[in-house]
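Data block for data.txt (compact mmCIF, C-alpha atoms and all ligand atoms):
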```
# COMPACT_ATOMS: atom_id res chain seq x y z
CA MET A 1466 -75.53 100.42 50.00
CA THR A 1467 -76.44 103.83 51.27
CA ASN A 1468 -74.28 104.17 54.38
CA ARG A 1469 -70.94 103.53 52.70
CA VAL A 1470 -68.55 106.44 53.27
CA PHE A 1471 -65.53 107.61 51.29
CA ASN A 1472 -62.60 106.13 53.19
CA PHE A 1473 -59.35 108.08 52.89
CA TYR A 1474 -57.42 106.04 55.46
CA ALA A 1475 -53.82 105.26 54.54
CA GLY A 1476 -54.01 101.57 55.30
CA PRO A 1477 -55.85 99.34 55.78
CA ALA A 1478 -57.61 101.24 53.07
CA THR A 1479 -60.78 101.22 51.03
CA LEU A 1480 -61.52 98.19 48.85
CA PRO A 1481 -63.70 98.17 45.73
CA LEU A 1482 -67.35 97.64 46.70
CA PRO A 1483 -67.86 94.88 44.07
CA VAL A 1484 -64.98 92.97 45.68
CA LEU A 1485 -66.55 93.18 49.13
CA GLU A 1486 -69.91 92.15 47.74
CA ARG A 1487 -68.44 89.18 45.95
CA ALA A 1488 -66.70 88.05 49.14
CA LYS A 1489 -69.98 88.38 50.99
CA GLU A 1490 -71.83 86.30 48.42
CA GLU A 1491 -69.24 83.52 48.56
CA PHE A 1492 -68.58 83.72 52.27
CA LEU A 1493 -70.65 80.81 53.55
CA ASP A 1494 -70.25 78.50 50.60
CA PHE A 1495 -66.97 78.77 48.81
CA SER A 1496 -66.87 77.32 45.33
CA GLY A 1497 -69.66 74.86 46.06
CA THR A 1498 -67.76 73.20 48.91
CA GLY A 1499 -70.38 73.85 51.59
CA MET A 1500 -67.65 75.55 53.62
CA SER A 1501 -66.38 79.07 53.99
CA VAL A 1502 -63.04 79.93 52.41
CA LEU A 1503 -61.99 80.51 56.04
CA GLU A 1504 -62.63 76.86 56.81
CA ILE A 1505 -61.37 74.83 53.90
CA SER A 1506 -57.99 73.16 53.92
CA HIS A 1507 -55.26 74.82 51.93
CA ARG A 1508 -54.51 71.37 50.50
CA THR A 1509 -57.73 71.19 48.49
CA LYS A 1510 -58.14 71.64 44.75
CA GLU A 1511 -60.51 74.57 45.40
CA TRP A 1512 -57.77 76.38 47.28
CA ASP A 1513 -55.19 75.42 44.69
CA LYS A 1514 -57.27 77.23 42.14
CA VAL A 1515 -57.23 80.42 44.25
CA MET A 1516 -53.42 80.30 44.43
CA THR A 1517 -53.11 79.62 40.71
CA ASP A 1518 -55.54 82.41 39.87
CA VAL A 1519 -53.96 85.01 42.16
CA ASN A 1520 -50.52 84.24 40.76
CA THR A 1521 -51.67 84.28 37.15
CA LEU A 1522 -53.51 87.56 37.67
CA ALA A 1523 -50.57 89.19 39.46
CA ARG A 1524 -48.17 88.08 36.74
CA GLU A 1525 -50.44 89.32 34.00
CA LEU A 1526 -51.39 92.65 35.58
CA ILE A 1527 -47.90 93.62 36.73
CA GLY A 1528 -46.09 91.95 33.84
CA ILE A 1529 -43.88 89.65 35.89
CA PRO A 1530 -41.33 87.74 33.77
CA THR A 1531 -41.02 83.95 34.19
CA ASP A 1532 -37.62 84.20 35.86
CA TYR A 1533 -39.21 85.94 38.84
CA GLU A 1534 -41.03 84.19 41.69
CA VAL A 1535 -44.17 85.56 43.32
CA LEU A 1536 -44.50 84.92 47.06
CA TRP A 1537 -47.42 85.58 49.41
CA LEU A 1538 -46.10 85.88 52.95
CA GLY A 1539 -47.33 86.81 56.40
CA GLY A 1540 -45.75 89.35 58.71
CA GLY A 1541 -46.44 92.54 56.78
CA ALA A 1542 -44.05 94.62 54.73
CA SER A 1543 -42.18 95.38 57.95
CA THR A 1544 -41.00 91.76 58.09
CA GLN A 1545 -39.38 92.30 54.69
CA PHE A 1546 -37.27 95.08 56.23
CA TYR A 1547 -35.16 92.33 57.82
CA MET A 1548 -35.90 89.46 55.43
CA THR A 1549 -34.38 91.56 52.66
CA PRO A 1550 -30.87 91.75 54.16
CA LEU A 1551 -31.21 88.22 55.53
CA ASN A 1552 -31.78 86.90 52.01
CA MET A 1553 -29.75 89.42 50.04
CA GLN A 1554 -26.62 90.19 52.05
CA VAL A 1555 -23.23 89.35 50.58
CA PRO A 1556 -20.33 89.07 53.04
CA GLY A 1557 -18.02 92.05 52.75
CA LYS A 1558 -20.31 94.10 50.54
CA PRO A 1559 -22.18 97.13 51.87
CA MET A 1560 -25.89 97.68 51.33
CA GLU A 1561 -27.15 101.06 50.12
CA TYR A 1562 -30.46 102.74 50.96
CA VAL A 1563 -32.20 105.99 50.13
CA ASN A 1564 -34.08 107.53 53.04
CA THR A 1565 -37.29 109.15 51.83
CA GLY A 1566 -39.54 108.81 54.86
CA GLY A 1567 -40.77 106.91 57.88
CA TRP A 1568 -40.85 103.51 56.23
CA SER A 1569 -37.39 103.90 54.71
CA THR A 1570 -36.13 104.95 58.13
CA LYS A 1571 -37.53 101.76 59.64
CA ALA A 1572 -36.04 99.63 56.87
CA ILE A 1573 -32.64 101.25 57.46
CA LYS A 1574 -32.82 100.57 61.19
CA GLU A 1575 -33.30 96.86 60.48
CA VAL A 1576 -30.64 96.50 57.79
CA LYS A 1577 -28.08 97.99 60.18
CA LEU A 1578 -28.40 94.80 62.24
CA PHE A 1579 -26.84 92.88 59.36
CA GLY A 1580 -23.79 94.76 58.18
CA GLU A 1581 -22.42 97.93 56.68
CA VAL A 1582 -25.12 100.26 55.37
CA LYS A 1583 -24.74 103.48 53.43
CA VAL A 1584 -27.55 105.96 53.12
CA VAL A 1585 -26.69 107.43 49.71
CA ALA A 1586 -29.35 110.13 49.79
CA SER A 1587 -31.93 111.45 52.22
CA SER A 1588 -34.50 114.21 52.44
CA GLU A 1589 -34.83 113.91 56.21
CA GLU A 1590 -33.36 117.37 56.81
CA GLU A 1591 -36.31 118.88 55.02
CA LYS A 1592 -39.11 116.83 56.55
CA PHE A 1593 -39.03 114.35 53.68
CA MET A 1594 -40.73 116.88 51.42
CA TYR A 1595 -39.07 115.58 48.28
CA ILE A 1596 -37.42 112.65 46.54
CA PRO A 1597 -33.67 113.31 46.17
CA LYS A 1598 -32.63 113.98 42.57
CA ASN A 1599 -29.95 112.15 40.54
CA VAL A 1600 -29.53 109.28 42.98
CA VAL A 1601 -26.68 106.99 41.95
CA PHE A 1602 -25.84 103.73 43.72
CA SER A 1603 -22.27 102.39 43.96
CA GLU A 1604 -20.65 99.47 42.19
CA ASP A 1605 -19.88 96.39 44.21
CA ILE A 1606 -22.64 96.56 46.79
CA ALA A 1607 -24.91 93.70 47.88
CA PHE A 1608 -28.07 95.54 46.84
CA ALA A 1609 -29.71 98.96 46.59
CA HIS A 1610 -33.01 99.81 48.32
CA ILE A 1611 -35.67 102.46 47.74
CA THR A 1612 -39.25 103.10 48.87
CA SER A 1613 -41.22 104.00 45.75
CA ASN A 1614 -44.08 105.82 47.48
CA ASN A 1615 -43.84 107.44 50.88
CA THR A 1616 -47.17 106.89 52.48
CA LEU A 1617 -46.66 109.23 55.44
CA TYR A 1618 -45.22 112.23 53.62
CA GLY A 1619 -47.01 111.92 50.28
CA THR A 1620 -44.01 111.74 47.99
CA GLU A 1621 -43.34 109.32 45.15
CA TRP A 1622 -40.35 108.54 42.94
CA ALA A 1623 -40.93 109.89 39.44
CA TYR A 1624 -37.73 108.37 38.06
CA LEU A 1625 -35.62 105.25 38.44
CA PRO A 1626 -32.28 105.82 40.22
CA SER A 1627 -29.08 104.81 38.53
CA VAL A 1628 -28.07 101.30 39.63
CA PRO A 1629 -24.96 99.49 38.31
CA ASN A 1630 -25.83 96.51 36.11
CA ASP A 1631 -25.01 93.70 38.47
CA VAL A 1632 -26.54 95.36 41.56
CA PRO A 1633 -30.13 94.29 42.34
CA LEU A 1634 -32.53 97.10 43.17
CA VAL A 1635 -34.94 96.26 45.99
CA CYS A 1636 -38.09 98.32 46.23
CA ASP A 1637 -40.71 98.67 48.95
CA MET A 1638 -43.82 99.28 46.80
CA SER A 1639 -46.34 98.81 49.60
CA SER A 1640 -48.29 101.92 48.77
CA ASN A 1641 -48.10 102.09 44.98
CA LEU A 1642 -47.76 98.60 43.52
CA MET A 1643 -50.27 98.30 40.65
CA ALA A 1644 -51.05 102.00 40.72
CA ARG A 1645 -48.96 102.51 37.59
CA PRO A 1646 -47.10 100.31 35.13
CA ILE A 1647 -43.57 99.26 36.06
CA ASP A 1648 -40.91 97.20 34.34
CA VAL A 1649 -40.19 94.40 36.81
CA LYS A 1650 -36.84 93.79 35.09
CA ASP A 1651 -35.59 97.05 36.59
CA TYR A 1652 -35.77 95.40 40.02
CA GLY A 1653 -34.25 92.40 41.74
CA VAL A 1654 -36.91 92.33 44.45
CA ILE A 1655 -40.23 94.10 44.97
CA TYR A 1656 -42.28 93.77 48.14
CA ALA A 1657 -45.62 95.23 49.15
CA GLY A 1658 -47.97 94.82 52.08
CA ALA A 1659 -51.40 94.20 50.56
CA GLN A 1660 -53.45 96.57 52.71
CA LYS A 1661 -52.85 99.77 50.73
CA ASN A 1662 -53.46 99.02 47.10
CA LEU A 1663 -53.95 95.30 46.70
CA GLY A 1664 -56.31 93.83 49.28
CA PRO A 1665 -56.69 93.55 53.04
CA ALA A 1666 -53.98 93.41 55.72
CA GLY A 1667 -52.35 90.10 56.51
CA VAL A 1668 -50.40 89.24 53.40
CA THR A 1669 -47.33 90.70 51.72
CA MET A 1670 -46.46 90.15 48.11
CA VAL A 1671 -42.80 89.57 47.32
CA ILE A 1672 -41.55 89.41 43.74
CA VAL A 1673 -38.01 88.11 43.57
CA ARG A 1674 -35.68 87.28 40.70
CA GLU A 1675 -34.93 83.55 40.76
CA ASP A 1676 -31.14 83.76 40.82
CA LEU A 1677 -31.24 85.85 44.00
CA LEU A 1678 -32.94 83.07 45.96
CA ASP A 1679 -29.63 81.21 46.26
CA ARG A 1680 -27.85 83.98 48.12
CA VAL A 1681 -29.34 83.12 51.49
CA PRO A 1682 -26.95 81.46 53.96
CA GLU A 1683 -27.77 77.79 54.56
CA GLN A 1684 -28.07 78.20 58.35
CA THR A 1685 -30.91 80.73 58.04
CA PRO A 1686 -34.16 79.61 59.74
CA THR A 1687 -36.38 77.86 57.20
CA MET A 1688 -39.33 80.22 57.43
CA GLN A 1689 -37.13 83.24 56.86
CA LYS A 1690 -35.75 82.08 53.54
CA TRP A 1691 -37.62 83.36 50.50
CA LYS A 1692 -36.37 80.20 48.83
CA THR A 1693 -38.45 77.98 51.13
CA HIS A 1694 -41.62 79.77 50.08
CA ALA A 1695 -40.65 79.93 46.42
CA GLU A 1696 -40.05 76.17 46.28
CA LYS A 1697 -43.45 75.45 47.86
CA GLY A 1698 -45.55 77.97 45.96
CA SER A 1699 -46.09 80.03 49.17
CA MET A 1700 -47.55 76.95 50.85
CA PHE A 1701 -44.64 75.63 52.88
CA ASN A 1702 -46.90 76.30 55.85
CA THR A 1703 -50.51 77.46 56.08
CA PRO A 1704 -50.65 80.64 54.02
CA PRO A 1705 -52.83 83.63 55.05
CA VAL A 1706 -55.74 82.21 53.11
CA PHE A 1707 -58.37 84.88 53.56
CA PRO A 1708 -56.17 87.85 52.61
CA ILE A 1709 -54.85 85.94 49.60
CA TYR A 1710 -58.40 85.12 48.54
CA MET A 1711 -59.36 88.80 48.90
CA CYS A 1712 -56.35 89.80 46.79
CA LYS A 1713 -57.54 87.38 44.13
CA LEU A 1714 -60.95 89.05 44.04
CA SER A 1715 -59.41 92.49 43.95
CA LEU A 1716 -57.05 91.55 41.10
CA GLU A 1717 -59.95 90.09 39.14
CA TYR A 1718 -61.71 93.39 39.59
CA LEU A 1719 -58.62 95.34 38.54
CA LYS A 1720 -58.44 93.28 35.36
CA GLU A 1721 -62.12 93.86 34.68
CA ILE A 1722 -61.74 97.64 34.86
CA GLY A 1723 -58.89 97.63 32.37
CA GLY A 1724 -55.75 96.74 34.33
CA VAL A 1725 -52.89 98.86 35.58
CA MET A 1726 -52.69 101.27 32.61
CA ALA A 1727 -56.36 102.18 32.89
CA VAL A 1728 -56.07 102.59 36.64
CA GLU A 1729 -53.03 104.83 36.29
CA GLN A 1730 -54.98 107.21 34.07
CA MET A 1731 -57.69 107.35 36.72
CA ASN A 1732 -55.12 107.86 39.45
CA VAL A 1733 -53.61 110.82 37.60
CA LYS A 1734 -57.04 112.41 37.25
CA LYS A 1735 -57.96 111.72 40.87
CA ALA A 1736 -54.78 113.25 42.23
CA LYS A 1737 -55.17 116.30 39.98
CA VAL A 1738 -58.62 117.00 41.43
CA LEU A 1739 -57.07 117.36 44.89
CA TYR A 1740 -53.75 119.01 44.02
CA ASP A 1741 -55.72 121.61 42.04
CA VAL A 1742 -57.56 122.55 45.23
CA ILE A 1743 -54.24 123.01 47.04
CA ASP A 1744 -52.69 124.97 44.17
CA THR A 1745 -55.61 127.35 43.78
CA SER A 1746 -56.13 127.95 47.50
CA ASP A 1747 -53.75 130.93 47.75
CA GLY A 1748 -51.84 129.16 50.48
CA PHE A 1749 -54.87 128.27 52.61
CA TYR A 1750 -53.90 124.65 52.00
CA LYS A 1751 -50.15 124.06 51.89
CA GLY A 1752 -49.02 120.91 50.09
CA HIS A 1753 -46.39 119.04 52.09
CA ALA A 1754 -44.68 117.42 49.10
CA ARG A 1755 -42.74 119.46 46.57
CA GLU A 1756 -44.47 119.53 43.22
CA ASP A 1757 -41.90 117.36 41.46
CA SER A 1758 -42.21 114.69 44.15
CA ARG A 1759 -45.96 114.55 44.63
CA SER A 1760 -47.57 111.18 45.21
CA LEU A 1761 -50.57 109.98 43.24
CA MET A 1762 -51.56 107.87 46.24
CA ASN A 1763 -51.28 110.07 49.34
CA VAL A 1764 -52.08 113.77 49.14
CA THR A 1765 -50.65 115.53 52.19
CA PHE A 1766 -51.27 119.13 53.21
CA THR A 1767 -51.32 121.41 56.21
CA MET A 1768 -53.23 124.54 57.18
CA SER A 1769 -52.38 127.60 59.25
CA SER A 1770 -53.19 125.99 62.62
CA PRO A 1771 -53.77 122.54 64.13
CA GLU A 1772 -57.19 123.77 65.35
CA LEU A 1773 -58.27 124.59 61.81
CA GLU A 1774 -56.97 121.24 60.59
CA GLN A 1775 -58.92 119.43 63.26
CA LYS A 1776 -62.06 121.35 62.39
CA CYS A 1777 -61.58 120.40 58.75
CA VAL A 1778 -61.10 116.71 59.60
CA GLU A 1779 -64.22 116.74 61.77
CA GLY A 1780 -66.28 118.50 59.11
CA GLY A 1781 -65.15 115.86 56.62
CA THR A 1782 -66.16 113.06 58.95
CA ALA A 1783 -69.62 114.59 59.32
CA ARG A 1784 -70.01 114.39 55.54
CA GLY A 1785 -68.83 110.83 55.19
CA LEU A 1786 -65.28 111.77 54.15
CA ILE A 1787 -63.38 109.60 56.61
CA GLY A 1788 -59.74 109.23 57.63
CA LEU A 1789 -58.36 112.63 56.62
CA LYS A 1790 -56.12 113.25 59.62
CA GLY A 1791 -52.48 113.37 58.62
CA HIS A 1792 -49.84 111.04 60.03
CA ARG A 1793 -48.51 112.32 63.35
CA SER A 1794 -45.02 112.80 61.88
CA VAL A 1795 -46.31 115.36 59.36
CA GLY A 1796 -49.46 116.65 61.04
CA GLY A 1797 -52.10 118.32 58.93
CA MET A 1798 -54.21 116.24 56.64
CA ARG A 1799 -53.75 113.34 54.30
CA ALA A 1800 -56.10 111.94 51.69
CA SER A 1801 -55.08 108.46 50.64
CA ILE A 1802 -56.53 107.80 47.22
CA TYR A 1803 -55.37 104.33 46.25
CA ASN A 1804 -56.66 102.39 43.23
CA ALA A 1805 -59.95 101.56 44.97
CA MET A 1806 -60.91 105.18 45.73
CA PRO A 1807 -63.42 106.26 43.09
CA ILE A 1808 -62.98 109.68 41.47
CA GLU A 1809 -66.33 110.67 43.00
CA GLY A 1810 -64.65 110.49 46.41
CA CYS A 1811 -61.93 112.90 45.27
CA LYS A 1812 -64.50 115.27 43.77
CA LYS A 1813 -66.60 115.23 46.94
CA LEU A 1814 -63.51 115.98 48.99
CA ALA A 1815 -62.42 118.78 46.64
CA GLU A 1816 -65.85 120.34 46.86
CA TYR A 1817 -65.79 120.15 50.65
CA LEU A 1818 -62.29 121.65 50.88
CA ARG A 1819 -63.32 124.59 48.69
CA GLU A 1820 -66.35 125.23 50.86
CA PHE A 1821 -64.34 124.89 54.03
CA GLN A 1822 -61.87 127.47 52.75
CA ALA A 1823 -64.63 129.90 51.81
CA GLU A 1824 -66.13 129.61 55.30
CA ASN A 1825 -62.93 129.72 57.29
CA GLN A 1826 -60.60 132.07 55.48
C1 LIG B 1901 -47.66 100.54 55.26
C2 LIG B 1901 -46.28 100.47 54.77
C3 LIG B 1901 -45.34 99.57 55.31
C4 LIG B 1901 -45.64 98.66 56.50
O1 LIG B 1901 -46.50 97.67 56.18
P1 LIG B 1901 -46.93 96.57 57.27
O2 LIG B 1901 -47.61 95.57 56.40
O3 LIG B 1901 -47.82 97.25 58.24
O4 LIG B 1901 -45.70 96.05 57.90
C5 LIG B 1901 -44.08 99.53 54.77
N1 LIG B 1901 -43.74 100.34 53.75
C6 LIG B 1901 -44.61 101.22 53.21
C7 LIG B 1901 -44.18 102.09 52.08
C8 LIG B 1901 -45.91 101.30 53.70
O5 LIG B 1901 -46.76 102.18 53.16
```
Whole structure given in structure tokens:
Amino acid sequence: MTNRVFNFYAGPATLPLPVLERAKEEFLDFSGTGMSVLEISHRTKEWDKVMTDVNTLARELIGIPTDYEVLWLGGGASTQFYMTPLNMQVPGKPMEYVNTGGWSTKAIKEVKLFGEVKVVASSEEEKFMYIPKNVVFSEDIAFAHITSNNTLYGTEWAYLPSVPNDVPLVCDMSSNLMARPIDVKDYGVIYAGAQKNLGPAGVTMVIVREDLLDRVPEQTPTMQKWKTHAEKGSMFNTPPVFPIYMCKLSLEYLKEIGGVMAVEQMNVKKAKVLYDVIDTSDGFYKGHAREDSRSLMNVTFTMSSPELEQKCVEGGTARGLIGLKGHRSVGGMRASIYNAMPIEGCKKLAEYLREFQAENQ
């Protein structure tokens, strides 16, 4: 394919070309059924195999222990902002959050509808440029919540906060799940919208420790209980079949290229290509994130004027480097370089940024 650009959008984001090609090949006749995957019933053995495969792959690639459930839900990661307290609240116990950006802020707004919330640390005062250091959560709280990668501001946790033994840590990993190895046992719950690093929009992966499923109050609406979906293998109702199928293809591809460890090594290299441009630009490009908090997934930077930034974005577009405009809350530019962005894309962008600096300094 000659007209395929490098897509730096933050989400929905680029998918591996072999995954898209595979979907195209299978689109009209899925698994010899004479139907598209969009048309077949989710109660068929062909669909069952997709669910089994996607779960097996996710468990294997992430390393999910058997006492955790994997759920595939609709509604986006934003739905988990309220499903988390709905399923995890404990009467009389506060919930503690760290505010590291726009998505954390939204999660905090929702949890406040449910009970007492403490924001134990925040970098809001300094435009979310960093991840607070030495974060410690309290004893005797219902749960602790962090956002592992801050998609808008380009910061990422480089350490695990201190959480008392019996307190479950909940993590919004929408923009860095499967970008690097994690130990699932460090968490009670992990959730991630698929459209950054996993697959297309329309499905959210939730990994939840079994014992936590019983916390939910009985009178909670059926669809809003994680337990409902856990008991029915994410098929209590019609699941988002196409996004789940696309996630399956993308996980197969991830396995083929060596899994999460191999991808992490690539991600480190990719990010270095771009941060090196920023660091050697004599201030022409100013990184938004502090060095110790830099994200491997979203590289954010600003320039001396919005006009120059716009010119740079437009010049990128003309070269097939798409989606470089920063989020409106930060301004400037943002290159989202999730798992599916090849290193060639980062090198092309680095080359362009160096040229742009030489011409516009
Ligand atoms: C994109 C994103 C979300 C929101 O995801 P939706 O699926 O659009 O609701 C939440 N958290 C983080 C960290 C994100 O990057």
### Message
Need to verify the contact set: Asp1513 in chain A, 12 Å, all atoms listed in the file, exclusion of same-chain residues closer than 6 positions in sequence. Can you return it as number ranges by chain?
### Response
A: 1496, 1502, 1505-1507, 1519-1520, 1698-1700, 1704, 1706, 1709-1710
Would you save the residues of that selection, restricted to C-alpha atoms, as an mmCIF file, in the frame of the given file?
```cif
data_model
loop_
_atom_site.group_PDB
_atom_site.id
_atom_site.type_symbol
_atom_site.label_atom_id
_atom_site.label_comp_id
_atom_site.auth_asym_id
_atom_site.auth_seq_id
_atom_site.Cartn_x
_atom_site.Cartn_y
_atom_site.Cartn_z
ATOM 1 C CA SER A 1496 -66.870 77.320 45.330
ATOM 2 C CA VAL A 1502 -63.040 79.930 52.410
ATOM 3 C CA ILE A 1505 -61.370 74.830 53.900
ATOM 4 C CA SER A 1506 -57.990 73.160 53.920
ATOM 5 C CA HIS A 1507 -55.260 74.820 51.930
ATOM 6 C CA VAL A 1519 -53.960 85.010 42.160
ATOM 7 C CA ASN A 1520 -50.520 84.240 40.760
ATOM 8 C CA GLY A 1698 -45.550 77.970 45.960
ATOM 9 C CA SER A 1699 -46.090 80.030 49.170
ATOM 10 C CA MET A 1700 -47.550 76.950 50.850
ATOM 11 C CA PRO A 1704 -50.650 80.640 54.020
ATOM 12 C CA VAL A 1706 -55.740 82.210 53.110
ATOM 13 C CA ILE A 1709 -54.850 85.940 49.600
ATOM 14 C CA TYR A 1710 -58.400 85.120 48.540
#
```
#### Entry: Nearby polymer residues, ligand LIG 1901 (chain B), at most 10 Å, all atoms listed in the file, as a PyMOL selection string
chain A and resi 1475-1477+1539-1546+1565-1572+1611-1617+1636-1642+1656-1662+1665-1670+1763
### Task
Write out as a list of chain:residue names the residues lying within 10 Å of Leu1714 in chain A, counting all atoms listed in the file and excluding same-chain residues fewer than 5 positions away.
A:Pro1481, A:Pro1483, A:Val1484, A:Leu1485, A:Arg1487, A:Ala1488, A:Val1515, A:Asp1518, A:Val1519, A:Leu1522, A:Leu1663, A:Gly1664, A:Pro1708, A:Ile1709, A:Leu1719, A:Lys1720
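The space separating CA of Tyr1562 in chain A from CA of Met1643 in chain A comes to 22.8 Å.
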### Message
Just want the 12 Å neighbourhood of Trp1691 in chain A, counted on all atoms listed in the file, with same-chain residues fewer than 4 positions away dropped. Output as a VMD selection string.
### Response
chain A and resid 1534 to 1539 1544 to 1545 1547 to 1553 1654 1656 1670 to 1682 1685 to 1687 1695 to 1701
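CA of His1753 in chain A is positioned 12.3 Å from CA of Glu1621 in chain A.
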Near Val1742 in chain A, counting all atoms listed in the file, which residues have an atom at most 10 Å away, once you skip same-chain residues fewer than 6 positions from it, shown as an mmCIF file with C-alpha atoms, in the frame of the given file?
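Result file selection05.cif:
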```
data_model
loop_
_atom_site.group_PDB
_atom_site.id
_atom_site.type_symbol
_atom_site.label_atom_id
_atom_site.label_comp_id
_atom_site.auth_asym_id
_atom_site.auth_seq_id
_atom_site.Cartn_x
_atom_site.Cartn_y
_atom_site.Cartn_z
ATOM 1 C CA PHE A 1749 -54.870 128.270 52.610
ATOM 2 C CA TYR A 1750 -53.900 124.650 52.000
ATOM 3 C CA GLY A 1752 -49.020 120.910 50.090
ATOM 4 C CA LEU A 1814 -63.510 115.980 48.990
ATOM 5 C CA ALA A 1815 -62.420 118.780 46.640
ATOM 6 C CA GLU A 1816 -65.850 120.340 46.860
ATOM 7 C CA LEU A 1818 -62.290 121.650 50.880
ATOM 8 C CA ARG A 1819 -63.320 124.590 48.690
ATOM 9 C CA GLN A 1822 -61.870 127.470 52.750
#
```
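The residue that comes closest to Pro1530 in chain A, out of A:Val1649, A:Ala1754, A:Val1632, A:Leu1503 and on the basis of all atoms listed in the file, is A:Val1649.
For the residues A:Asn1804, A:Ser1758, A:Thr1479, A:Gln1775, ranking by smallest atom-to-atom distance to Pro1597 in chain A using all atoms listed in the file places A:Ser1758 first.
Shortest atom-to-atom contact with Arg1784 in chain A among A:Phe1492, A:Phe1602, A:Phe1471, A:Tyr1618: A:Phe1471, counting only C-alpha atoms.
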Would you mind putting back all heavy atoms on range 1800-1805 of chain A, then writing it out as a PDB file, in the coordinates of the input?
```
ATOM      1  N   ALA A1800     -55.066 112.704  52.392  1.00  0.00           N
ATOM      2  CA  ALA A1800     -56.100 111.940  51.690  1.00  0.00           C
ATOM      3  C   ALA A1800     -55.411 110.826  50.937  1.00  0.00           C
ATOM      4  O   ALA A1800     -54.628 111.071  50.019  1.00  0.00           O
ATOM      5  CB  ALA A1800     -56.861 112.848  50.727  1.00  0.00           C
ATOM      6  N   SER A1801     -55.653 109.600  51.351  1.00  0.00           N
ATOM      7  CA  SER A1801     -55.080 108.460  50.640  1.00  0.00           C
ATOM      8  C   SER A1801     -56.076 108.005  49.589  1.00  0.00           C
ATOM      9  O   SER A1801     -57.228 107.719  49.893  1.00  0.00           O
ATOM     10  CB  SER A1801     -54.746 107.336  51.618  1.00  0.00           C
ATOM     11  OG  SER A1801     -53.747 107.800  52.512  1.00  0.00           O
ATOM     12  N   ILE A1802     -55.614 108.031  48.358  1.00  0.00           N
ATOM     13  CA  ILE A1802     -56.530 107.800  47.220  1.00  0.00           C
ATOM     14  C   ILE A1802     -55.973 106.678  46.345  1.00  0.00           C
ATOM     15  O   ILE A1802     -55.648 106.870  45.185  1.00  0.00           O
ATOM     16  CB  ILE A1802     -56.749 109.110  46.425  1.00  0.00           C
ATOM     17  CG1 ILE A1802     -55.406 109.769  46.047  1.00  0.00           C
ATOM     18  CG2 ILE A1802     -57.572 110.090  47.255  1.00  0.00           C
ATOM     19  CD1 ILE A1802     -55.558 110.967  45.095  1.00  0.00           C
ATOM     20  N   TYR A1803     -55.892 105.500  46.955  1.00  0.00           N
ATOM     21  CA  TYR A1803     -55.370 104.330  46.250  1.00  0.00           C
ATOM     22  C   TYR A1803     -56.310 103.930  45.111  1.00  0.00           C
ATOM     23  O   TYR A1803     -57.378 104.505  44.935  1.00  0.00           O
ATOM     24  CB  TYR A1803     -55.208 103.178  47.242  1.00  0.00           C
ATOM     25  CG  TYR A1803     -54.293 103.505  48.400  1.00  0.00           C
ATOM     26  CD1 TYR A1803     -54.765 103.532  49.712  1.00  0.00           C
ATOM     27  CD2 TYR A1803     -52.952 103.805  48.182  1.00  0.00           C
ATOM     28  CE1 TYR A1803     -53.928 103.830  50.781  1.00  0.00           C
ATOM     29  CE2 TYR A1803     -52.108 104.103  49.245  1.00  0.00           C
ATOM     30  CZ  TYR A1803     -52.604 104.115  50.537  1.00  0.00           C
ATOM     31  OH  TYR A1803     -51.772 104.411  51.576  1.00  0.00           O
ATOM     32  N   ASN A1804     -55.888 102.874  44.389  1.00  0.00           N
ATOM     33  CA  ASN A1804     -56.660 102.390  43.230  1.00  0.00           C
ATOM     34  C   ASN A1804     -58.161 102.293  43.498  1.00  0.00           C
ATOM     35  O   ASN A1804     -58.976 102.576  42.621  1.00  0.00           O
ATOM     36  CB  ASN A1804     -56.174 100.987  42.836  1.00  0.00           C
ATOM     37  CG  ASN A1804     -54.862 101.031  42.069  1.00  0.00           C
ATOM     38  OD1 ASN A1804     -54.316 102.108  41.812  1.00  0.00           O
ATOM     39  ND2 ASN A1804     -54.342  99.875  41.711  1.00  0.00           N
ATOM     40  N   ALA A1805     -58.534 101.855  44.713  1.00  0.00           N
ATOM     41  CA  ALA A1805     -59.950 101.560  44.970  1.00  0.00           C
ATOM     42  C   ALA A1805     -60.777 102.802  45.312  1.00  0.00           C
ATOM     43  O   ALA A1805     -61.992 102.704  45.443  1.00  0.00           O
ATOM     44  CB  ALA A1805     -60.073 100.535  46.095  1.00  0.00           C
TER      45      ALA A1805
END
```
